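Q: Just work.txt, nothing more (compact mmCIF, C-alpha atoms (C1' of nucleotides)):
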# COMPACT_ATOMS: atom_id res chain seq x y z
CA MET W 1 -30.70 -29.82 -2.76
CA GLU W 2 -32.68 -27.07 -4.47
CA LEU W 3 -31.25 -25.55 -7.61
CA ALA W 4 -31.46 -22.08 -6.05
CA GLU W 5 -29.52 -23.23 -2.99
CA ALA W 6 -26.99 -25.04 -5.15
CA LYS W 7 -26.43 -21.86 -7.12
CA ARG W 8 -25.81 -19.88 -3.96
CA LYS W 9 -23.31 -22.47 -2.76
CA PHE W 10 -21.51 -22.45 -6.05
CA ILE W 11 -21.19 -18.67 -6.02
CA GLU W 12 -19.96 -18.78 -2.45
CA ALA W 13 -17.41 -21.53 -3.14
CA TRP W 14 -16.07 -19.87 -6.27
CA GLY W 15 -15.83 -16.57 -4.41
CA LYS W 16 -13.81 -18.17 -1.66
CA LEU W 17 -11.49 -19.97 -4.04
CA GLY W 18 -11.00 -16.75 -5.95
CA SER W 19 -10.04 -14.80 -2.86
CA GLU W 20 -7.47 -17.45 -2.01
CA TRP W 21 -6.03 -17.10 -5.48
CA GLY W 22 -5.60 -13.38 -5.76
CA ILE W 23 -8.89 -12.60 -7.46
CA ASN W 24 -11.11 -10.62 -5.19
CA ARG W 25 -14.14 -12.26 -3.74
CA THR W 26 -16.75 -10.15 -5.45
CA MET W 27 -15.03 -10.51 -8.78
CA ALA W 28 -15.04 -14.28 -8.43
CA GLN W 29 -18.69 -14.23 -7.35
CA VAL W 30 -19.76 -12.17 -10.35
CA HIS W 31 -17.84 -14.59 -12.51
CA ALA W 32 -19.57 -17.55 -10.85
CA LEU W 33 -22.98 -15.96 -11.36
CA LEU W 34 -22.30 -15.47 -15.05
CA LEU W 35 -20.92 -18.98 -15.40
CA ILE W 36 -24.22 -20.49 -14.38
CA SER W 37 -26.38 -18.06 -16.33
CA PRO W 38 -27.51 -19.34 -19.72
CA GLU W 39 -28.15 -15.77 -20.85
CA ALA W 40 -26.01 -12.66 -20.63
CA LEU W 41 -26.96 -10.43 -17.67
CA THR W 42 -27.18 -6.68 -17.20
CA THR W 43 -25.33 -4.69 -14.56
CA GLU W 44 -28.70 -4.19 -12.89
CA GLU W 45 -29.38 -7.92 -12.62
CA ILE W 46 -25.92 -8.60 -11.24
CA MET W 47 -26.25 -5.86 -8.62
CA GLU W 48 -29.59 -7.31 -7.62
CA SER W 49 -28.49 -10.97 -7.47
CA LEU W 50 -25.38 -10.35 -5.42
CA SER W 51 -26.53 -7.26 -3.48
CA ILE W 52 -23.63 -5.11 -4.56
CA SER W 53 -23.51 -1.45 -5.53
CA ARG W 54 -23.52 -0.11 -9.04
CA GLY W 55 -19.95 1.14 -8.77
CA ASN W 56 -18.70 -2.18 -7.53
CA ALA W 57 -20.53 -4.10 -10.25
CA ASN W 58 -19.17 -1.80 -12.91
CA MET W 59 -15.55 -2.00 -11.79
CA THR W 60 -15.69 -5.73 -11.21
CA LEU W 61 -17.13 -6.37 -14.66
CA ARG W 62 -14.43 -4.29 -16.25
CA ASP W 63 -11.80 -6.27 -14.38
CA LEU W 64 -13.33 -9.53 -15.54
CA ILE W 65 -13.27 -8.25 -19.11
CA GLY W 66 -9.62 -7.30 -18.54
CA TRP W 67 -8.88 -10.84 -17.44
CA GLY W 68 -10.53 -12.10 -20.63
CA LEU W 69 -13.16 -14.04 -18.72
CA VAL W 70 -16.24 -12.01 -19.59
CA GLU W 71 -17.41 -10.17 -22.66
CA LYS W 72 -19.86 -7.37 -23.32
CA GLN W 73 -22.82 -8.08 -25.52
CA HIS W 74 -25.30 -5.70 -27.10
CA LYS W 75 -28.85 -6.54 -27.90
CA ALA W 76 -30.44 -4.97 -30.95
CA GLY W 77 -32.67 -2.05 -30.09
CA GLU W 78 -31.48 -1.86 -26.48
CA ARG W 79 -29.25 0.67 -24.77
CA LYS W 80 -28.20 -1.63 -21.93
CA GLU W 81 -25.01 -3.63 -22.00
CA TYR W 82 -25.15 -7.34 -21.34
CA PHE W 83 -22.34 -9.45 -19.85
CA TYR W 84 -21.57 -13.00 -20.77
CA ALA W 85 -18.97 -15.40 -19.39
CA ASP W 86 -17.08 -17.89 -21.49
CA LYS W 87 -18.13 -21.27 -20.12
CA ASP W 88 -15.25 -23.36 -21.45
CA THR W 89 -13.27 -24.34 -18.36
CA TRP W 90 -10.12 -24.96 -20.34
CA ASN W 91 -10.27 -21.40 -21.69
CA ILE W 92 -10.91 -20.09 -18.17
CA ALA W 93 -7.91 -21.97 -16.78
CA ARG W 94 -5.72 -20.75 -19.62
CA GLN W 95 -6.84 -17.16 -19.31
CA VAL W 96 -6.16 -17.13 -15.58
CA ALA W 97 -2.77 -18.81 -16.02
CA LYS W 98 -1.89 -16.34 -18.75
CA GLU W 99 -2.81 -13.25 -16.76
CA ARG W 100 -1.13 -14.38 -13.58
CA ARG W 101 2.01 -15.29 -15.44
CA LYS W 102 2.13 -11.87 -17.00
CA ARG W 103 1.30 -9.97 -13.82
CA GLU W 104 3.23 -11.97 -11.25
CA LEU W 105 5.67 -14.51 -12.58
CA ASP W 106 7.30 -12.43 -15.32
CA PRO W 107 8.34 -9.50 -13.06
CA VAL W 108 9.85 -11.89 -10.52
CA LEU W 109 11.72 -13.77 -13.21
CA LYS W 110 13.27 -10.53 -14.33
CA ILE W 111 14.49 -9.71 -10.83
CA LEU W 112 15.79 -13.23 -10.27
CA ASP W 113 17.79 -13.08 -13.49
CA GLU W 114 19.44 -9.89 -12.30
CA LEU W 115 20.08 -11.21 -8.83
CA SER W 116 21.64 -14.42 -10.06
CA LYS W 117 24.23 -12.30 -11.88
CA VAL W 118 25.43 -10.62 -8.68
CA GLU W 119 29.10 -11.42 -8.17
CA GLY W 120 30.76 -12.16 -4.88
CA ASN W 121 33.46 -13.95 -2.97
CA LYS W 122 33.05 -17.70 -3.40
CA ASN W 123 34.54 -18.34 0.02
CA ASP W 124 31.94 -16.21 1.75
CA ALA W 125 29.19 -18.42 3.17
CA GLU W 126 26.75 -15.49 3.01
CA TYR W 127 27.39 -15.06 -0.69
CA LYS W 128 27.37 -18.75 -1.45
CA THR W 129 24.00 -19.31 0.22
CA PHE W 130 22.47 -16.27 -1.40
CA ASN W 131 23.70 -17.27 -4.81
CA LYS W 132 22.60 -20.87 -4.52
CA SER W 133 19.09 -20.02 -3.37
CA VAL W 134 18.62 -17.39 -6.03
CA THR W 135 19.87 -19.54 -8.90
CA ASP W 136 17.87 -22.55 -7.73
CA ILE W 137 14.68 -20.56 -7.45
CA ASN W 138 15.38 -19.00 -10.80
CA LYS W 139 15.66 -22.42 -12.40
CA LEU W 140 12.41 -23.60 -10.84
CA ALA W 141 10.60 -20.43 -11.88
CA LYS W 142 11.84 -20.83 -15.42
CA ASN W 143 10.56 -24.38 -15.53
CA VAL W 144 7.16 -23.23 -14.34
CA ASP W 145 7.23 -20.48 -16.92
CA LYS W 146 7.99 -22.85 -19.75
CA THR W 147 5.32 -25.28 -18.66
CA LEU W 148 2.74 -22.51 -18.55
CA ASP W 149 3.81 -21.38 -21.96
CA THR W 150 3.21 -24.82 -23.40
CA MET W 151 -0.09 -25.06 -21.62
CA LEU W 152 -1.21 -21.74 -23.06
CA LYS W 153 -0.54 -22.92 -26.57
CA ALA W 154 -1.96 -26.38 -26.10
CA GLU W 155 -5.33 -27.90 -26.74
CA GLU W 156 -7.05 -29.27 -23.70
CA ASN W 157 -7.07 -32.91 -24.76
CA TRP W 158 -3.51 -32.80 -25.83
CA PHE W 159 -2.42 -31.19 -22.57
CA TRP W 160 -4.13 -33.46 -20.10
CA GLY W 161 -3.68 -36.46 -22.34
CA SER W 162 0.06 -35.90 -22.26
CA ILE W 163 0.15 -35.23 -18.55
CA PHE W 164 -1.75 -38.43 -17.92
CA LYS W 165 0.35 -40.51 -20.21
CA ILE W 166 3.26 -39.62 -17.97
CA PHE W 167 1.46 -39.92 -14.71
CA LYS W 168 -0.13 -43.18 -15.79
CA MET X 1 25.06 -4.71 -7.45
CA GLU X 2 26.13 -5.03 -3.83
CA LEU X 3 25.36 -8.27 -2.02
CA ALA X 4 23.52 -6.34 0.67
CA GLU X 5 21.35 -4.60 -1.89
CA ALA X 6 20.74 -7.84 -3.74
CA LYS X 7 19.58 -9.43 -0.51
CA ARG X 8 17.13 -6.62 0.10
CA LYS X 9 15.77 -6.97 -3.39
CA PHE X 10 15.37 -10.68 -3.04
CA ILE X 11 13.46 -10.32 0.21
CA GLU X 12 11.26 -7.68 -1.34
CA ALA X 13 10.56 -9.75 -4.47
CA TRP X 14 9.82 -12.91 -2.53
CA GLY X 15 7.53 -10.95 -0.22
CA LYS X 16 5.60 -9.54 -3.13
CA LEU X 17 5.28 -12.90 -4.84
CA GLY X 18 4.11 -14.43 -1.58
CA SER X 19 1.43 -11.83 -1.05
CA GLU X 20 0.12 -12.52 -4.55
CA TRP X 21 -0.03 -16.21 -3.72
CA GLY X 22 -1.91 -16.15 -0.46
CA ILE X 23 1.09 -16.16 1.86
CA ASN X 24 1.32 -12.92 3.73
CA ARG X 25 4.06 -10.54 2.87
CA THR X 26 5.91 -10.66 6.16
CA MET X 27 5.79 -14.43 6.22
CA ALA X 28 7.29 -14.58 2.74
CA GLN X 29 9.95 -12.04 3.73
CA VAL X 30 10.97 -13.99 6.80
CA HIS X 31 11.17 -17.06 4.61
CA ALA X 32 13.30 -15.18 2.07
CA LEU X 33 15.63 -13.98 4.81
CA LEU X 34 16.12 -17.50 6.09
CA LEU X 35 16.61 -18.86 2.57
CA ILE X 36 19.66 -16.71 2.06
CA SER X 37 21.09 -17.23 5.54
CA PRO X 38 23.73 -19.89 5.76
CA GLU X 39 23.12 -20.20 9.49
CA ALA X 40 19.92 -20.55 11.48
CA LEU X 41 18.74 -17.21 12.92
CA THR X 42 17.15 -16.22 16.21
CA THR X 43 13.85 -14.41 16.60
CA GLU X 44 15.86 -11.39 17.69
CA GLU X 45 17.95 -11.34 14.52
CA ILE X 46 14.88 -11.68 12.33
CA MET X 47 13.09 -8.85 14.15
CA GLU X 48 16.14 -6.70 13.68
CA SER X 49 16.75 -7.50 10.01
CA LEU X 50 13.19 -6.93 8.90
CA SER X 51 12.16 -4.32 11.48
CA ILE X 52 9.20 -6.27 12.73
CA SER X 53 7.85 -6.73 16.23
CA ARG X 54 8.48 -9.69 18.47
CA GLY X 55 4.87 -10.82 18.28
CA ASN X 56 4.83 -10.67 14.53
CA ALA X 57 8.13 -12.56 14.24
CA ASN X 58 6.93 -15.23 16.59
CA MET X 59 3.59 -15.84 14.87
CA THR X 60 5.11 -15.72 11.42
CA LEU X 61 7.78 -18.25 12.34
CA ARG X 62 5.16 -20.57 13.74
CA ASP X 63 3.18 -20.28 10.51
CA LEU X 64 6.26 -21.08 8.47
CA ILE X 65 6.87 -24.12 10.62
CA GLY X 66 3.22 -25.07 10.07
CA TRP X 67 3.74 -24.86 6.33
CA GLY X 68 6.75 -27.14 6.69
CA LEU X 69 9.14 -24.54 5.29
CA VAL X 70 11.12 -23.75 8.41
CA GLU X 71 12.37 -25.75 11.35
CA LYS X 72 13.43 -24.93 14.89
CA GLN X 73 16.96 -25.71 15.89
CA HIS X 74 18.56 -25.73 19.30
CA LYS X 75 22.18 -25.04 19.98
CA ALA X 76 23.89 -26.87 22.81
CA GLY X 77 24.20 -24.75 25.92
CA GLU X 78 21.86 -22.03 24.66
CA ARG X 79 18.35 -21.14 25.66
CA LYS X 80 17.50 -19.35 22.44
CA GLU X 81 15.69 -21.04 19.57
CA TYR X 82 17.16 -20.86 16.11
CA PHE X 83 15.22 -21.02 12.87
CA TYR X 84 16.42 -22.62 9.70
CA ALA X 85 14.80 -22.81 6.24
CA ASP X 86 15.00 -25.81 4.00
CA LYS X 87 16.89 -24.57 0.94
CA ASP X 88 15.84 -27.26 -1.52
CA THR X 89 13.54 -25.48 -3.96
CA TRP X 90 11.88 -28.69 -5.00
CA ASN X 91 10.91 -29.36 -1.39
CA ILE X 92 9.66 -25.79 -1.03
CA ALA X 93 7.49 -26.09 -4.13
CA ARG X 94 6.13 -29.41 -2.97
CA GLN X 95 5.38 -28.19 0.53
CA VAL X 96 3.54 -25.15 -0.77
CA ALA X 97 1.58 -27.22 -3.29
CA LYS X 98 0.72 -29.72 -0.58
CA GLU X 99 -0.54 -27.15 1.88
CA ARG X 100 -2.52 -25.18 -0.62
CA ARG X 101 -4.12 -28.32 -1.96
CA LYS X 102 -5.16 -29.33 1.51
CA ARG X 103 -6.38 -25.90 2.54
CA GLU X 104 -8.02 -24.69 -0.65
CA LEU X 105 -8.51 -27.25 -3.36
CA ASP X 106 -9.82 -30.13 -1.28
CA PRO X 107 -12.72 -28.22 0.33
CA VAL X 108 -13.82 -26.89 -3.06
CA LEU X 109 -13.65 -30.36 -4.59
CA LYS X 110 -15.96 -31.62 -1.89
CA ILE X 111 -18.53 -28.91 -2.61
CA LEU X 112 -18.28 -29.40 -6.37
CA ASP X 113 -18.91 -33.12 -5.98
CA GLU X 114 -22.08 -32.38 -4.04
CA LEU X 115 -23.22 -29.71 -6.44
CA SER X 116 -22.72 -31.88 -9.48
CA LYS X 117 -25.18 -34.36 -7.96
CA VAL X 118 -28.01 -31.82 -7.78
CA GLU X 119 -30.91 -33.05 -9.92
CA GLY X 120 -33.13 -30.91 -12.10
CA ASN X 121 -35.24 -30.61 -15.18
CA LYS X 122 -33.15 -31.29 -18.27
CA ASN X 123 -35.28 -28.97 -20.37
CA ASP X 124 -34.61 -26.03 -18.08
CA ALA X 125 -31.84 -23.85 -19.53
CA GLU X 126 -31.00 -22.57 -16.04
CA TYR X 127 -30.45 -26.09 -14.77
CA LYS X 128 -28.59 -27.21 -17.86
CA THR X 129 -26.11 -24.35 -17.68
CA PHE X 130 -25.58 -24.76 -13.97
CA ASN X 131 -25.02 -28.46 -14.27
CA LYS X 132 -22.64 -28.18 -17.21
CA SER X 133 -20.47 -25.51 -15.58
CA VAL X 134 -20.31 -27.37 -12.29
CA THR X 135 -19.44 -30.74 -13.80
CA ASP X 136 -16.87 -29.21 -16.14
CA ILE X 137 -15.16 -27.33 -13.35
CA ASN X 138 -15.27 -30.44 -11.22
CA LYS X 139 -13.48 -32.42 -13.91
CA LEU X 140 -10.79 -29.78 -14.29
CA ALA X 141 -10.30 -29.52 -10.54
CA LYS X 142 -9.95 -33.29 -10.31
CA ASN X 143 -7.30 -33.25 -13.01
CA VAL X 144 -5.37 -30.59 -11.15
CA ASP X 145 -5.75 -32.58 -7.96
CA LYS X 146 -4.36 -35.75 -9.52
CA THR X 147 -1.47 -33.91 -11.10
CA LEU X 148 -0.55 -32.34 -7.77
CA ASP X 149 -0.77 -35.71 -6.14
CA THR X 150 1.72 -37.16 -8.58
CA MET X 151 3.97 -34.18 -8.17
CA LEU X 152 3.97 -34.57 -4.43
CA LYS X 153 5.14 -38.12 -4.70
CA ALA X 154 7.66 -37.52 -7.44
CA GLU X 155 11.34 -36.84 -7.45
CA GLU X 156 12.35 -33.56 -9.00
CA ASN X 157 14.26 -34.97 -11.91
CA TRP X 158 11.60 -37.44 -12.73
CA PHE X 159 8.90 -34.78 -12.61
CA TRP X 160 10.50 -32.10 -14.74
CA GLY X 161 12.18 -34.65 -16.93
CA SER X 162 8.82 -36.15 -17.77
CA ILE X 163 7.18 -32.80 -18.27
CA PHE X 164 9.94 -31.80 -20.63
CA LYS X 165 9.92 -35.00 -22.57
CA ILE X 166 6.34 -34.18 -23.45
CA PHE X 167 6.76 -30.51 -23.99
CA LYS X 168 9.86 -31.10 -26.07
C1' DT B 1 -29.70 20.68 -29.60
C1' DT B 2 -31.92 18.26 -25.51
C1' DA B 3 -33.00 15.02 -22.15
C1' DA B 4 -33.48 10.34 -21.01
C1' DA B 5 -31.01 6.20 -20.35
C1' DC B 6 -27.45 4.54 -19.48
C1' DT B 7 -21.99 3.92 -17.66
C1' DT B 8 -17.96 5.49 -15.16
C1' DT B 9 -15.39 7.72 -11.56
C1' DC B 10 -13.65 8.47 -7.12
C1' DA B 11 -13.64 10.34 -2.25
C1' DA B 12 -15.34 8.75 1.81
C1' DA B 13 -16.98 4.90 4.62
C1' DA B 14 -16.89 0.22 5.75
C1' DT B 15 -14.53 -3.88 6.30
C1' DA B 16 -10.69 -7.01 6.58
C1' DT B 17 -6.04 -7.94 7.51
C1' DT B 18 -1.78 -7.24 9.68
C1' DT B 19 1.15 -5.53 13.24
C1' DT B 20 2.40 -3.95 17.67
C1' DG B 21 3.96 -4.36 22.29
C1' DA B 22 2.99 -5.17 26.93
C1' DA B 23 1.50 -8.71 29.86
C1' DA B 24 1.22 -13.46 30.73
C1' DG B 25 3.26 -17.83 30.30
C1' DT B 26 7.14 -21.27 30.22
C1' DT B 27 11.59 -23.25 30.91
C1' DT B 28 15.96 -23.72 32.93
C1' DA B 29 19.86 -23.17 36.03
C1' DA B 30 21.14 -22.68 40.46
C1' DT V 1 11.79 -22.56 45.18
C1' DT V 2 13.34 -18.30 42.59
C1' DA V 3 14.45 -15.30 39.06
C1' DA V 4 16.43 -14.68 34.71
C1' DA V 5 15.91 -15.70 29.95
C1' DC V 6 13.35 -16.67 27.01
C1' DT V 7 8.45 -17.54 24.09
C1' DT V 8 3.52 -16.87 23.40
C1' DT V 9 -0.81 -14.48 23.43
C1' DC V 10 -4.12 -11.18 22.22
C1' DA V 11 -6.62 -6.64 22.47
C1' DA V 12 -5.93 -2.48 20.46
C1' DA V 13 -3.85 0.29 16.77
C1' DA V 14 -2.28 0.70 12.24
C1' DT V 15 -2.66 -0.33 7.59
C1' DA V 16 -4.59 -2.13 3.39
C1' DT V 17 -8.39 -3.42 0.69
C1' DT V 18 -13.00 -3.26 -0.76
C1' DT V 19 -17.42 -1.14 -1.25
C1' DT V 20 -20.67 2.49 -1.60
C1' DG V 21 -23.38 5.91 -3.85
C1' DA V 22 -23.79 10.35 -5.59
C1' DA V 23 -21.97 13.16 -9.09
C1' DA V 24 -19.98 13.47 -13.49
C1' DG V 25 -19.64 11.66 -17.96
C1' DT V 26 -21.35 9.51 -22.34
C1' DT V 27 -24.45 7.92 -25.83
C1' DT V 28 -28.59 7.77 -28.34
C1' DA V 29 -33.13 8.95 -30.17
C1' DA V 30 -35.87 12.41 -31.54
Starting from the coordinates I provided, produce the structure as C-alpha cells.
A:
Amino acid sequence: MELAEAKRKFIEAWGKLGSEWGINRTMAQVHALLLISPEALTTEEIMESLSISRGNANMTLRDLIGWGLVEKQHKAGERKEYFYADKDTWNIARQVAKERRKRELDPVLKILDELSKVEGNKNDAEYKTFNKSVTDINKLAKNVDKTLDTMLKAEENWFWGSIFKIFK
Amino acid sequence: MELAEAKRKFIEAWGKLGSEWGINRTMAQVHALLLISPEALTTEEIMESLSISRGNANMTLRDLIGWGLVEKQHKAGERKEYFYADKDTWNIARQVAKERRKRELDPVLKILDELSKVEGNKNDAEYKTFNKSVTDINKLAKNVDKTLDTMLKAEENWFWGSIFKIFK
DNA sequence: TTAAACTTTCAAAATATTTTGAAAGTTTAA
DNA sequence: TTAAACTTTCAAAATATTTTGAAAGTTTAA
C-alpha cells in the first residue's frame, strides 16, 4: 500500500471511530491528520488536506484544543498559527477519558445519587424495581468512575502492567 | 421527590447518557422504562408511556433485542408480545461492551493491523511519524481489546475485586 | 493611525438521523 | 377459509447536527 493511501485510510478510520464515540467525524479526522504529521500544520493546510471550510477548520481546531488533544504553536517571524497534536497515545487516551468523564459520567452520577435517595413503599413492586435498578446502576457507575480516576493519575506502564498482572 | 417524577428523571438521564454513547436516545429511554418496570410491557404500553409511534417502538425494541438487553415474553392465552429487560447491571455492561467491541473496535483493529504493515523509507519524517502513530495506537487498541475480552468472560465480583485490589 | 494578514463568528444551507403513521404482512382462533 | 388481532416495513416528514462562507473582528508592522 502507498503511504498516501495509507494516510487516507487512517484518517477515514479514525474519523469513523470518533463519530461512534461522540467526537464528530471532522474533528476526529483533523486529529488524525495532525497525528501523522511530523510538523505542526496551519489552518490553511488542514482545510486543503481535508477539503473543509475555514469556519469548520477553525471551530474544530478550537474544540480539539478544548479537549487537550492539540496545541497552538507560533513560529518566530510569522503571523500564522500552527497546530500540533500530542502523539503520545497514553496521553490521548487519558485526555479523552478525562473529558468524557467530566462531560458525561459526572452529571449522570449526580442524578443517580439523588434518585437512589427517593423513598417509597417497600411493598410496592414498582418502587422496589425502580430502587433496585437505580442503586445497582449507581454502584456500577461509581466503580467505573473510580477506575477512570486511577487511570487518569497512573503512568501507562503501571496501569497496563497492573491490568495484565490480573488478567494473566 | 415523587416516584413518578423520579422515574421520568431516570428515563431522561439514561436517554441522554445513551445518546452520548452511540445508542439512540429513544432506544435508551425504552430500555430505561423497562429497567424500572417490574413486569414485562407491551408495545402499546411503551408507546403510551414515552409518547412514541408504533413504528418507532417496534424498531427500537427489535434493536434492544439485537443488543441482547431485552427479551420477548409471551403470556399464555394472549396474542400480544411482552418485553422484559434484564435487570442485572453487570450483564448490561457486558452486553454493551460486547456489542460495541464487535461493531466498532474490531473493524478498526483490522485496519490498524494492515496500516502498521505499510513499508516506507525510514529516513522520511512523514513515514516515521505515520508509522509510529499507527503502531502506537494499534498497541493501545489491542490492550483495550484484551481487557474487554477478559471482562466479558469474568464474573462481576472477580472483575471488580481484582481491579480494586490493584487500585487499592 | 492604517491596512494587510490573519482568526472568529454565526445565519443560512446542506446533510444526516430519527420518527411517524398508514399500508402491508403475519398469526391465530374459529 | 376468514377476519380479527396483532407486528413489521418503509417512504415521507420532522428534527438534529454539521458545514459553509461571507462578514466582522483582531493583531501586527510600519
Q: Considering only C-alpha atoms (C1' of nucleotides), can you say which of W:Thr147, W:Thr60, W:Thr43, W:Asn121 comes closest to chain V?
A: W:Thr60
Q: Can you work out the spacing between atom CA of X:Gly18 and atom CA of X:Ala6 in Å, to one decimal?
A: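 Calculated distance between atom CA of X:Gly18 and atom CA of X:Ala6 is 18.0 Å.
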Q: Enumerate, in order of chain and increasing residue number, the residues of chain W with an atom no farther than 10 Å from chain B, each with its shortest atom pair and distance in Å to one decimal, counting all atoms listed in the file, as a tab-separated table.
A:
residue	atom	partner	partner_atom	distance
W:Thr43	CA	B:DT7	C1'	9.7
W:Arg54	CA	B:DT7	C1'	9.6
W:Gly55	CA	B:DT8	C1'	8.0
W:Asn58	CA	B:DT8	C1'	7.7
W:Met59	CA	B:DT8	C1'	8.6
W:Arg79	CA	B:DC6	C1'	6.8
W:Lys80	CA	B:DC6	C1'	6.7
W:Glu81	CA	B:DC6	C1'	8.9
Q: Report as JSON lines the residues of chain W within 7 Å of chain X, each with its shortest atom pair and distance in Å (one decimal), using all atoms listed in the file, ordered by chain and increasing residue number.
A:
{"residue": "W:Met1", "atom": "CA", "partner": "X:Val118", "partner_atom": "CA", "distance": 6.0}
{"residue": "W:Ala6", "atom": "CA", "partner": "X:Leu115", "partner_atom": "CA", "distance": 6.1}
{"residue": "W:Ala13", "atom": "CA", "partner": "X:Val108", "partner_atom": "CA", "distance": 6.5}
{"residue": "W:Leu17", "atom": "CA", "partner": "X:Glu104", "partner_atom": "CA", "distance": 6.8}
{"residue": "W:Glu20", "atom": "CA", "partner": "X:Gly22", "partner_atom": "CA", "distance": 5.9}
{"residue": "W:Trp21", "atom": "CA", "partner": "X:Trp21", "partner_atom": "CA", "distance": 6.3}
{"residue": "W:Gly22", "atom": "CA", "partner": "X:Glu20", "partner_atom": "CA", "distance": 5.9}
{"residue": "W:Leu35", "atom": "CA", "partner": "X:Ser133", "partner_atom": "CA", "distance": 6.5}
{"residue": "W:Ile36", "atom": "CA", "partner": "X:Phe130", "partner_atom": "CA", "distance": 4.5}
{"residue": "W:Ser37", "atom": "CA", "partner": "X:Thr129", "partner_atom": "CA", "distance": 6.4}
{"residue": "W:Pro38", "atom": "CA", "partner": "X:Thr129", "partner_atom": "CA", "distance": 5.6}
{"residue": "W:Lys87", "atom": "CA", "partner": "X:Ser133", "partner_atom": "CA", "distance": 6.6}
{"residue": "W:Thr89", "atom": "CA", "partner": "X:Ile137", "partner_atom": "CA", "distance": 6.1}
{"residue": "W:Glu104", "atom": "CA", "partner": "X:Leu17", "partner_atom": "CA", "distance": 6.8}
{"residue": "W:Val108", "atom": "CA", "partner": "X:Ala13", "partner_atom": "CA", "distance": 6.5}
{"residue": "W:Leu115", "atom": "CA", "partner": "X:Ala6", "partner_atom": "CA", "distance": 6.1}
{"residue": "W:Val118", "atom": "CA", "partner": "X:Met1", "partner_atom": "CA", "distance": 6.0}
{"residue": "W:Ala125", "atom": "CA", "partner": "X:Pro38", "partner_atom": "CA", "distance": 6.2}
{"residue": "W:Glu126", "atom": "CA", "partner": "X:Pro38", "partner_atom": "CA", "distance": 6.0}
{"residue": "W:Thr129", "atom": "CA", "partner": "X:Ile36", "partner_atom": "CA", "distance": 5.4}
{"residue": "W:Phe130", "atom": "CA", "partner": "X:Ile36", "partner_atom": "CA", "distance": 4.5}
{"residue": "W:Ser133", "atom": "CA", "partner": "X:Ile36", "partner_atom": "CA", "distance": 6.4}
{"residue": "W:Asp136", "atom": "CA", "partner": "X:Thr89", "partner_atom": "CA", "distance": 6.4}
{"residue": "W:Ile137", "atom": "CA", "partner": "X:Thr89", "partner_atom": "CA", "distance": 6.1}
{"residue": "W:Thr150", "atom": "CA", "partner": "X:Phe167", "partner_atom": "CA", "distance": 6.7}
{"residue": "W:Ser162", "atom": "CA", "partner": "X:Ile166", "partner_atom": "CA", "distance": 6.6}
{"residue": "W:Ile166", "atom": "CA", "partner": "X:Ser162", "partner_atom": "CA", "distance": 6.6}
{"residue": "W:Phe167", "atom": "CA", "partner": "X:Thr150", "partner_atom": "CA", "distance": 6.7}
Q: Mind writing the picked residues with C-alpha atoms as a compact mmCIF listing (two decimals), keeping the file's coordinate frame?
A:
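Writing the result to out-v7.txt gives the following:
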# COMPACT_ATOMS: atom_id res chain seq x y z
CA MET W 1 -30.70 -29.82 -2.76
CA ALA W 6 -26.99 -25.04 -5.15
CA ALA W 13 -17.41 -21.53 -3.14
CA LEU W 17 -11.49 -19.97 -4.04
CA GLU W 20 -7.47 -17.45 -2.01
CA TRP W 21 -6.03 -17.10 -5.48
CA GLY W 22 -5.60 -13.38 -5.76
CA LEU W 35 -20.92 -18.98 -15.40
CA ILE W 36 -24.22 -20.49 -14.38
CA SER W 37 -26.38 -18.06 -16.33
CA PRO W 38 -27.51 -19.34 -19.72
CA LYS W 87 -18.13 -21.27 -20.12
CA THR W 89 -13.27 -24.34 -18.36
CA GLU W 104 3.23 -11.97 -11.25
CA VAL W 108 9.85 -11.89 -10.52
CA LEU W 115 20.08 -11.21 -8.83
CA VAL W 118 25.43 -10.62 -8.68
CA ALA W 125 29.19 -18.42 3.17
CA GLU W 126 26.75 -15.49 3.01
CA THR W 129 24.00 -19.31 0.22
CA PHE W 130 22.47 -16.27 -1.40
CA SER W 133 19.09 -20.02 -3.37
CA ASP W 136 17.87 -22.55 -7.73
CA ILE W 137 14.68 -20.56 -7.45
CA THR W 150 3.21 -24.82 -23.40
CA SER W 162 0.06 -35.90 -22.26
CA ILE W 166 3.26 -39.62 -17.97
CA PHE W 167 1.46 -39.92 -14.71
Q: Hey, can you check how far atom CA of X:Asp63 sits from atom CA of X:Lys142?
A: 27.8 Å
Q: Let me know the centre plus edge lengths, in Å and rounded to one decimal, of a box with edges along x, y and z that contains all listed atoms of stretch 12-22 of chain B and is padded by 3 Å on every side, as lines of an AutoDock Vina configuration file.
A:
center_x = -6.5
center_y = 0.4
center_z = 14.4
size_x = 26.9
size_y = 22.7
size_z = 31.1
Q: So that I can check the surroundings of X:Phe83, please list as number ranges by chain every protein, DNA and RNA residue that reaches within 9 Å of it, counting only C-alpha atoms (C1' of nucleotides) and ignoring chain neighbours fewer than 4 positions away.
A: X: 34, 39-43, 61, 70-74
Q: Could you please determine the separation between atom CA of W:Glu12 and atom CA of W:Val30 in Å, to one decimal place?
A: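 Calculated distance between atom CA of W:Glu12 and atom CA of W:Val30 is 10.3 Å.
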